[in-house]
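Peer 1: What follows is protein.cif; its format and atoms are mmCIF, C-alpha atoms.
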data_model
loop_
_atom_site.group_PDB
_atom_site.id
_atom_site.type_symbol
_atom_site.label_atom_id
_atom_site.label_comp_id
_atom_site.auth_asym_id
_atom_site.auth_seq_id
_atom_site.Cartn_x
_atom_site.Cartn_y
_atom_site.Cartn_z
ATOM 1 C CA MET A 1 -5.070 -3.655 2.127
ATOM 2 C CA ARG A 2 -8.353 -4.523 0.486
ATOM 3 C CA PHE A 3 -10.636 -7.014 2.129
ATOM 4 C CA PRO A 4 -13.566 -8.990 0.773
ATOM 5 C CA ILE A 5 -16.876 -9.242 2.564
ATOM 6 C CA THR A 6 -18.338 -12.372 1.069
ATOM 7 C CA THR A 7 -21.812 -12.337 2.493
ATOM 8 C CA ALA A 8 -25.311 -12.509 1.916
ATOM 9 C CA LEU A 9 -28.232 -12.156 0.041
ATOM 10 C CA CYS A 10 -29.023 -11.031 -3.404
ATOM 11 C CA LEU A 11 -32.453 -10.918 -4.866
ATOM 12 C CA GLY A 12 -34.288 -13.814 -6.380
ATOM 13 C CA THR A 13 -31.749 -16.510 -5.825
ATOM 14 C CA ALA A 14 -30.367 -14.818 -2.676
ATOM 15 C CA THR A 15 -26.952 -15.100 -4.257
ATOM 16 C CA VAL A 16 -23.700 -14.606 -2.374
ATOM 17 C CA LEU A 17 -22.337 -11.120 -3.092
ATOM 18 C CA VAL A 18 -18.657 -10.254 -3.105
ATOM 19 C CA LEU A 19 -18.352 -6.762 -1.655
ATOM 20 C CA THR A 20 -14.997 -4.966 -1.542
ATOM 21 C CA ALA A 21 -14.289 -2.009 0.729
ATOM 22 C CA CYS A 22 -11.698 0.701 0.100
ATOM 23 C CA SER A 23 -8.192 0.324 1.405
ATOM 24 C CA ASP A 24 -8.595 3.158 3.928
ATOM 25 C CA GLY A 25 -11.448 1.307 5.620
ATOM 26 C CA SER A 26 -13.809 4.286 5.525
ATOM 27 C CA ALA A 27 -17.508 3.604 5.326
ATOM 28 C CA HIS A 28 -19.224 4.144 1.999
ATOM 29 C CA THR A 29 -22.397 6.169 2.304
ATOM 30 C CA THR A 30 -25.238 6.932 0.006
ATOM 31 C CA ASN A 31 -28.106 9.401 0.239
ATOM 32 C CA PRO A 32 -31.378 8.075 -1.120
ATOM 33 C CA THR A 33 -33.740 10.806 -2.200
ATOM 34 C CA SER A 34 -36.649 9.206 -0.409
ATOM 35 C CA SER A 35 -37.681 6.051 1.336
ATOM 36 C CA GLY A 36 -40.829 4.073 1.831
ATOM 37 C CA SER A 37 -42.693 1.334 0.058
ATOM 38 C CA ALA A 38 -40.506 0.103 -2.763
ATOM 39 C CA SER A 39 -42.876 -2.124 -4.669
ATOM 40 C CA GLY A 40 -45.622 -1.075 -6.948
ATOM 41 C CA ARG A 41 -47.626 -2.049 -9.984
ATOM 42 C CA GLN A 42 -47.976 -0.396 -13.328
ATOM 43 C CA GLU A 43 -49.909 -1.818 -16.223
ATOM 44 C CA GLY A 44 -46.995 -2.442 -18.550
ATOM 45 C CA ARG A 45 -46.626 -1.889 -22.248
ATOM 46 C CA ASN A 46 -44.631 -5.057 -22.650
ATOM 47 C CA ALA A 47 -43.602 -6.965 -25.717
ATOM 48 C CA PRO A 48 -45.916 -9.989 -25.831
ATOM 49 C CA ALA A 49 -44.378 -13.315 -24.871
ATOM 50 C CA ALA A 50 -45.711 -16.797 -25.364
ATOM 51 C CA GLY A 51 -44.034 -18.055 -22.207
ATOM 52 C CA PRO A 52 -40.932 -17.763 -20.001
ATOM 53 C CA LEU A 53 -37.650 -17.165 -21.808
ATOM 54 C CA SER A 54 -34.740 -19.591 -21.820
ATOM 55 C CA SER A 55 -31.438 -18.747 -20.135
ATOM 56 C CA ALA A 56 -29.864 -18.312 -23.582
ATOM 57 C CA ALA A 57 -32.549 -15.814 -24.597
ATOM 58 C CA LEU A 58 -32.105 -13.912 -21.324
ATOM 59 C CA ALA A 59 -28.343 -13.686 -21.890
ATOM 60 C CA LYS A 60 -28.987 -11.742 -25.116
ATOM 61 C CA ARG A 61 -30.890 -9.118 -23.117
ATOM 62 C CA LEU A 62 -28.143 -8.424 -20.569
ATOM 63 C CA LEU A 63 -26.345 -5.105 -20.523
ATOM 64 C CA ASP A 64 -22.939 -5.063 -22.231
ATOM 65 C CA GLU A 65 -20.029 -2.667 -22.411
ATOM 66 C CA GLY A 66 -21.590 -0.888 -25.379
ATOM 67 C CA ASP A 67 -24.697 -0.128 -23.335
ATOM 68 C CA LEU A 68 -22.750 1.163 -20.338
ATOM 69 C CA GLY A 69 -20.190 3.350 -22.102
ATOM 70 C CA GLU A 70 -16.521 4.017 -21.464
ATOM 71 C CA GLY A 71 -14.806 2.995 -18.243
ATOM 72 C CA TYR A 72 -16.549 -0.339 -17.698
ATOM 73 C CA ALA A 73 -14.838 -3.726 -17.794
ATOM 74 C CA ARG A 74 -16.616 -7.060 -17.643
ATOM 75 C CA LYS A 75 -15.712 -9.230 -14.657
ATOM 76 C CA ALA A 76 -15.010 -12.908 -15.030
ATOM 77 C CA GLU A 77 -17.701 -15.083 -13.502
ATOM 78 C CA GLN A 78 -16.780 -16.057 -9.955
ATOM 79 C CA PRO A 79 -16.924 -19.728 -8.961
ATOM 80 C CA GLY A 80 -19.747 -20.599 -6.609
ATOM 81 C CA ARG A 81 -19.010 -20.679 -2.891
ATOM 82 C CA HIS A 82 -20.355 -23.287 -0.536
ATOM 83 C CA ASP A 83 -19.712 -21.780 2.897
ATOM 84 C CA ASP A 84 -22.262 -22.530 5.562
ATOM 85 C CA VAL A 85 -24.557 -19.525 5.834
ATOM 86 C CA THR A 86 -26.600 -18.765 8.949
ATOM 87 C CA VAL A 87 -28.889 -15.795 9.539
ATOM 88 C CA VAL A 88 -29.110 -14.578 13.142
ATOM 89 C CA GLY A 89 -31.693 -12.110 14.397
ATOM 90 C CA CYS A 90 -34.200 -12.163 11.536
ATOM 91 C CA PRO A 91 -36.641 -15.101 11.623
ATOM 92 C CA ALA A 92 -38.358 -14.157 8.355
ATOM 93 C CA LEU A 93 -35.076 -14.256 6.489
ATOM 94 C CA GLY A 94 -33.950 -17.403 8.247
ATOM 95 C CA GLU A 95 -37.105 -19.150 7.069
ATOM 96 C CA LEU A 96 -35.915 -18.863 3.487
ATOM 97 C CA GLY A 97 -33.586 -21.727 4.288
ATOM 98 C CA GLY A 98 -29.906 -22.445 4.016
ATOM 99 C CA ASP A 99 -30.014 -23.119 0.279
ATOM 100 C CA ALA A 100 -31.363 -19.639 -0.370
ATOM 101 C CA ALA A 101 -28.835 -17.935 1.882
ATOM 102 C CA ALA A 102 -25.988 -19.876 0.274
ATOM 103 C CA GLY A 103 -27.033 -18.898 -3.228
ATOM 104 C CA GLY A 104 -29.318 -21.738 -4.246
ATOM 105 C CA SER A 105 -32.070 -21.260 -6.784
ATOM 106 C CA LEU A 106 -35.503 -20.155 -5.635
ATOM 107 C CA ASN A 107 -37.593 -21.589 -8.463
ATOM 108 C CA PHE A 108 -35.967 -19.382 -11.092
ATOM 109 C CA PRO A 109 -33.993 -21.871 -13.199
ATOM 110 C CA ARG A 110 -34.069 -19.572 -16.252
ATOM 111 C CA ARG A 111 -31.467 -16.925 -15.495
ATOM 112 C CA ALA A 112 -28.464 -15.007 -16.810
ATOM 113 C CA LYS A 113 -25.957 -12.727 -15.106
ATOM 114 C CA VAL A 114 -23.186 -10.274 -15.917
ATOM 115 C CA SER A 115 -20.940 -8.088 -13.723
ATOM 116 C CA PHE A 116 -18.785 -5.048 -14.439
ATOM 117 C CA THR A 117 -16.279 -2.862 -12.654
ATOM 118 C CA TYR A 118 -16.150 0.880 -13.267
ATOM 119 C CA ALA A 119 -12.553 1.982 -13.720
ATOM 120 C CA SER A 120 -12.884 5.605 -12.604
ATOM 121 C CA GLY A 121 -14.599 4.747 -9.326
ATOM 122 C CA THR A 122 -12.666 3.020 -6.558
ATOM 123 C CA GLY A 123 -14.323 -0.247 -5.747
ATOM 124 C CA SER A 124 -17.389 0.594 -7.871
ATOM 125 C CA GLU A 125 -19.136 -2.411 -9.330
ATOM 126 C CA ILE A 126 -22.454 -3.143 -10.980
ATOM 127 C CA SER A 127 -24.086 -6.442 -11.811
ATOM 128 C CA GLU A 128 -27.255 -7.437 -13.595
ATOM 129 C CA GLU A 129 -29.291 -10.598 -13.258
ATOM 130 C CA LEU A 130 -32.240 -11.561 -15.433
ATOM 131 C CA TYR A 131 -34.786 -14.182 -14.454
ATOM 132 C CA SER A 132 -37.775 -15.525 -16.357
ATOM 133 C CA GLY A 133 -40.895 -17.344 -15.228
ATOM 134 C CA THR A 134 -44.596 -16.713 -15.079
ATOM 135 C CA ALA A 135 -45.633 -13.291 -13.807
ATOM 136 C CA ALA A 136 -47.145 -14.865 -10.691
ATOM 137 C CA GLU A 137 -43.986 -16.866 -9.902
ATOM 138 C CA LEU A 138 -41.707 -13.867 -10.326
ATOM 139 C CA SER A 139 -43.942 -11.509 -8.353
ATOM 140 C CA SER A 140 -44.296 -13.913 -5.444
ATOM 141 C CA GLY A 141 -40.647 -14.978 -5.334
ATOM 142 C CA VAL A 142 -39.096 -11.549 -5.669
ATOM 143 C CA GLY A 143 -41.550 -9.948 -3.255
ATOM 144 C CA ARG A 144 -40.908 -12.649 -0.677
ATOM 145 C CA ILE A 145 -37.146 -12.044 -0.761
ATOM 146 C CA PHE A 146 -37.389 -8.273 -0.475
ATOM 147 C CA GLU A 147 -39.994 -8.403 2.281
ATOM 148 C CA ALA A 148 -37.877 -10.851 4.270
ATOM 149 C CA MET A 149 -34.706 -8.797 3.889
ATOM 150 C CA THR A 150 -36.344 -5.571 5.050
ATOM 151 C CA SER A 151 -38.543 -7.112 7.757
ATOM 152 C CA CYS A 152 -35.815 -6.694 10.389
ATOM 153 C CA SER A 153 -33.993 -3.487 11.242
ATOM 154 C CA GLY A 154 -30.698 -5.369 11.424
ATOM 155 C CA TYR A 155 -29.357 -8.884 11.603
ATOM 156 C CA GLN A 156 -26.169 -10.890 11.283
ATOM 157 C CA VAL A 157 -25.125 -13.243 8.530
ATOM 158 C CA LEU A 158 -22.527 -15.843 9.439
ATOM 159 C CA VAL A 159 -20.587 -16.998 6.371
ATOM 160 C CA GLY A 160 -18.179 -19.684 7.465
ATOM 161 C CA SER A 161 -16.165 -18.025 10.246
ATOM 162 C CA MET A 162 -17.035 -14.463 9.207
ATOM 163 C CA ALA A 163 -19.807 -12.489 10.925
ATOM 164 C CA VAL A 164 -21.331 -9.634 8.961
ATOM 165 C CA THR A 165 -23.948 -7.217 10.266
ATOM 166 C CA VAL A 166 -26.570 -6.325 7.669
ATOM 167 C CA THR A 167 -29.169 -3.579 7.599
ATOM 168 C CA ALA A 168 -31.695 -3.156 4.795
ATOM 169 C CA GLN A 169 -33.784 -0.119 3.910
ATOM 170 C CA ASN A 170 -36.550 0.178 1.326
ATOM 171 C CA VAL A 171 -36.035 3.052 -1.111
ATOM 172 C CA SER A 172 -38.201 4.526 -3.824
ATOM 173 C CA VAL A 173 -38.083 3.260 -7.403
ATOM 174 C CA PRO A 174 -38.842 5.005 -10.694
ATOM 175 C CA ARG A 175 -42.126 3.882 -12.235
ATOM 176 C CA LEU A 176 -40.711 1.158 -14.444
ATOM 177 C CA GLY A 177 -42.256 -2.056 -15.690
ATOM 178 C CA ASP A 178 -45.138 -3.876 -14.028
ATOM 179 C CA GLU A 179 -43.665 -4.206 -10.530
ATOM 180 C CA ARG A 180 -40.586 -2.799 -8.891
ATOM 181 C CA TRP A 181 -38.620 -3.126 -5.652
ATOM 182 C CA SER A 182 -35.470 -1.433 -4.348
ATOM 183 C CA GLN A 183 -33.377 -1.458 -1.196
ATOM 184 C CA LEU A 184 -30.092 -0.299 0.262
ATOM 185 C CA LEU A 185 -28.063 -3.002 1.977
ATOM 186 C CA THR A 186 -25.316 -1.986 4.401
ATOM 187 C CA PHE A 187 -22.762 -4.701 5.217
ATOM 188 C CA THR A 188 -20.451 -4.133 8.198
ATOM 189 C CA ALA A 189 -17.533 -6.321 9.253
ATOM 190 C CA ASP A 190 -14.398 -5.541 11.243
ATOM 191 C CA GLY A 191 -15.503 -1.935 11.631
ATOM 192 C CA ARG A 192 -15.829 -1.330 7.895
ATOM 193 C CA SER A 193 -19.062 -0.788 6.001
ATOM 194 C CA HIS A 194 -20.106 -1.116 2.391
ATOM 195 C CA VAL A 195 -23.408 -0.048 0.883
ATOM 196 C CA ILE A 196 -25.023 -1.829 -2.028
ATOM 197 C CA LYS A 197 -28.153 -0.733 -3.840
ATOM 198 C CA GLN A 198 -30.358 -3.382 -5.372
ATOM 199 C CA THR A 199 -33.247 -2.595 -7.702
ATOM 200 C CA ALA A 200 -35.530 -5.182 -9.300
ATOM 201 C CA VAL A 201 -38.124 -4.548 -11.992
ATOM 202 C CA ARG A 202 -40.548 -7.063 -13.447
ATOM 203 C CA VAL A 203 -41.464 -6.636 -17.105
ATOM 204 C CA GLY A 204 -43.984 -9.313 -17.990
ATOM 205 C CA MET A 205 -42.238 -12.660 -17.623
ATOM 206 C CA VAL A 206 -38.765 -11.186 -17.009
ATOM 207 C CA VAL A 207 -37.278 -9.659 -13.859
ATOM 208 C CA ALA A 208 -34.197 -7.462 -14.175
ATOM 209 C CA VAL A 209 -32.111 -7.053 -11.032
ATOM 210 C CA VAL A 210 -29.400 -4.375 -10.970
ATOM 211 C CA SER A 211 -27.059 -4.340 -7.965
ATOM 212 C CA GLY A 212 -23.965 -2.437 -6.932
ATOM 213 C CA SER A 213 -22.862 1.115 -6.265
ATOM 214 C CA ALA A 214 -25.985 3.244 -5.785
ATOM 215 C CA ALA A 215 -24.893 5.815 -8.359
ATOM 216 C CA LEU A 216 -24.226 3.169 -10.990
ATOM 217 C CA VAL A 217 -27.510 1.383 -10.332
ATOM 218 C CA ASP A 218 -29.438 4.644 -10.682
ATOM 219 C CA ALA A 219 -27.558 5.474 -13.876
ATOM 220 C CA HIS A 220 -28.283 2.191 -15.651
ATOM 221 C CA VAL A 221 -31.475 0.615 -14.307
ATOM 222 C CA VAL A 222 -33.709 2.298 -16.904
ATOM 223 C CA GLU A 223 -31.560 0.995 -19.737
ATOM 224 C CA ALA A 224 -31.416 -2.472 -18.194
ATOM 225 C CA VAL A 225 -35.204 -2.620 -18.018
ATOM 226 C CA ALA A 226 -35.576 -1.329 -21.570
ATOM 227 C CA LYS A 227 -33.213 -3.973 -22.890
ATOM 228 C CA ALA A 228 -34.893 -6.713 -20.862
ATOM 229 C CA ARG A 229 -38.207 -5.716 -22.416
ATOM 230 C CA VAL A 230 -37.123 -5.856 -26.052
ATOM 231 C CA ALA A 231 -37.763 -9.071 -27.970
ATOM 232 C CA THR A 232 -34.625 -10.618 -29.492
#
Show me, as structure tokens, the structure contained in the file I just sent.
Peer 2:
Amino acid sequence: MRFPITTALCLGTATVLVLTACSDGSAHTTNPTSSGSASGRQEGRNAPAAGPLSSAALAKRLLDEGDLGEGYARKAEQPGRHDDVTVVGCPALGELGGDAAAGGSLNFPRRAKVSFTYASGTGSEISEELYSGTAAELSSGVGRIFEAMTSCSGYQVLVGSMAVTVTAQNVSVPRLGDERWSQLLTFTADGRSHVIKQTAVRVGMVVAVVSGSAALVDAHVVEAVAKARVAT
């Protein structure tokens, strides 16, 4: 029997993630090659932009099946959930507010998103979100979310009647774009755990966020950033 863990917090908009564990209930594990500070700056060689991109322009820069290769299927967009969300045991994250925890926008109205499943991997999923704004807005907003999520060694997220324990760990990021952040999020409920990797890279006035199975994120983040960079 498969069970959903509909919990917490995705970058930027702190979106609700739908995480699915395997039917045998075994914990998914991942082995990051190194850990430590996950943000950094690199003077980018970005395509010039006159200003933030529209949501329609961002949608043209999302990964598609042709970029990912065989075995990927696009997921239908899930309707938004409106469960009450409460963070327990992490004041910095709680200060982001209920709207953030429930998936409300954090000053990034220009956005686009796509999600895929990978057929040959049980329960393997990958999603990409693109946001656009000024460099200062993106840097501040994204950094604030990541810092809050990794400021506590562990905490609980209450989504409706479900309690999920969350731990977050900074991990290293390839030197991509102008700024970059990455973390491993472990969600545990009813004795079952699921690990999600989340990597964000800012390229000028666009932030690309790739989330999902650690192996899939590592395999496709470079391409996602390259496509986010290219003018359409």
Peer 1: Would you write out, as a list in words, every residue that the PyMOL selection byres ((chain A and resi 219-229) around 8) captures in this file?
Peer 2: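 Evaluating the PyMOL selection byres ((chain A and resi 219-229) around 8) on this file yields Asn46, Ala47, Leu58, Arg61, Leu62, Leu63, Asp67, Leu68, Glu128, Leu130, Leu176, Gly177, Thr199, Val201, Val203, Val206, Val207, Ala208, Val210, Ala215, Leu216, Val217, Asp218, Val230 and Ala231 of chain A.
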Peer 1: Written as a PyMOL selection string, which residues does the PyMOL selection byres ((chain A and resi 70) around 12) give for the file shown?
Peer 2: chain A and resi 64-69+71-74+116-120
Peer 1: Could you list the residues chosen by the PyMOL selection byres ((chain A and resi 145-160) around 6) in this structure as a PDB file with C-alpha atoms, keeping the file's coordinate frame?
Peer 2:
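Once written, expr_24.pdb looks like this:
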ATOM      1  CA  ASP A  83     -19.712 -21.780   2.897  1.00  0.00           C
ATOM      2  CA  ASP A  84     -22.262 -22.530   5.562  1.00  0.00           C
ATOM      3  CA  VAL A  85     -24.557 -19.525   5.834  1.00  0.00           C
ATOM      4  CA  THR A  86     -26.600 -18.765   8.949  1.00  0.00           C
ATOM      5  CA  VAL A  87     -28.889 -15.795   9.539  1.00  0.00           C
ATOM      6  CA  VAL A  88     -29.110 -14.578  13.142  1.00  0.00           C
ATOM      7  CA  GLY A  89     -31.693 -12.110  14.397  1.00  0.00           C
ATOM      8  CA  CYS A  90     -34.200 -12.163  11.536  1.00  0.00           C
ATOM      9  CA  ALA A  92     -38.358 -14.157   8.355  1.00  0.00           C
ATOM     10  CA  LEU A  93     -35.076 -14.256   6.489  1.00  0.00           C
ATOM     11  CA  VAL A 142     -39.096 -11.549  -5.669  1.00  0.00           C
ATOM     12  CA  GLY A 143     -41.550  -9.948  -3.255  1.00  0.00           C
ATOM     13  CA  ARG A 144     -40.908 -12.649  -0.677  1.00  0.00           C
ATOM     14  CA  SER A 161     -16.165 -18.025  10.246  1.00  0.00           C
ATOM     15  CA  MET A 162     -17.035 -14.463   9.207  1.00  0.00           C
ATOM     16  CA  ALA A 163     -19.807 -12.489  10.925  1.00  0.00           C
ATOM     17  CA  VAL A 164     -21.331  -9.634   8.961  1.00  0.00           C
ATOM     18  CA  THR A 165     -23.948  -7.217  10.266  1.00  0.00           C
ATOM     19  CA  VAL A 166     -26.570  -6.325   7.669  1.00  0.00           C
ATOM     20  CA  THR A 167     -29.169  -3.579   7.599  1.00  0.00           C
ATOM     21  CA  ALA A 168     -31.695  -3.156   4.795  1.00  0.00           C
TER      22      ALA A 168
END
Peer 1: What separation in Å, quoted to one decimal, exists between CA of Val114 (chain A) and CA of Ala189 (chain A)?
Peer 2: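 CA of Val114 (chain A) sits 26.1 Å away from CA of Ala189 (chain A).
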Peer 1: Calculated over only C-alpha atoms, which of the candidates A:Lys113, A:Ser213, A:Gly133, A:Lys75 has the smallest distance to Leu184 (chain A)?
Peer 2: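 The answer is A:Ser213, which sits nearest to Leu184 (chain A).
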Peer 1: To one decimal place, how far is CA of Pro52 (chain A) from CA of Leu138 (chain A) in Å?
Peer 2: 10.5 Å
Peer 1: Which distance in Å separates CA of Leu53 (chain A) and CA of Met205 (chain A), to one decimal?
Peer 2: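 Those two atoms sit 7.7 Å apart.
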Peer 1: Closest to Arg202 (chain A) among A:Ser124, A:Ser54, A:Thr134, A:Ser139, using all atoms listed in the file?
Peer 2: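 Closest residue, counting all atoms listed in the file: A:Ser139.
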Peer 1: Would you please work out which residue, of A:Glu179, A:Glu77, A:Glu95, A:Asp190, is nearest to Ser127 (chain A) when using only C-alpha atoms?
Peer 2: A:Glu77
Peer 1: Produce the centre coordinates and the three edge lengths, each in Å to one decimal, of the box along x, y and z that contains all listed atoms of region 161-167 of chain A with 3 Å added on each side, as AutoDock Vina command-line options.
Peer 2:
--center_x -22.7 --center_y -10.8 --center_z 9.3 --size_x 19.0 --size_y 20.4 --size_z 9.3
Peer 1: Could you please give me, as a list in words, the residues of protein, DNA or RNA lying at most 6 Å from (-34.4, -17.2, -12.2) in the coordinate frame of the file, considering all atoms listed in the file?
Peer 2: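 Final list of nearby residues, as requested, is Phe108, Pro109, Arg110, Arg111, Tyr131 and Ser132 of chain A.
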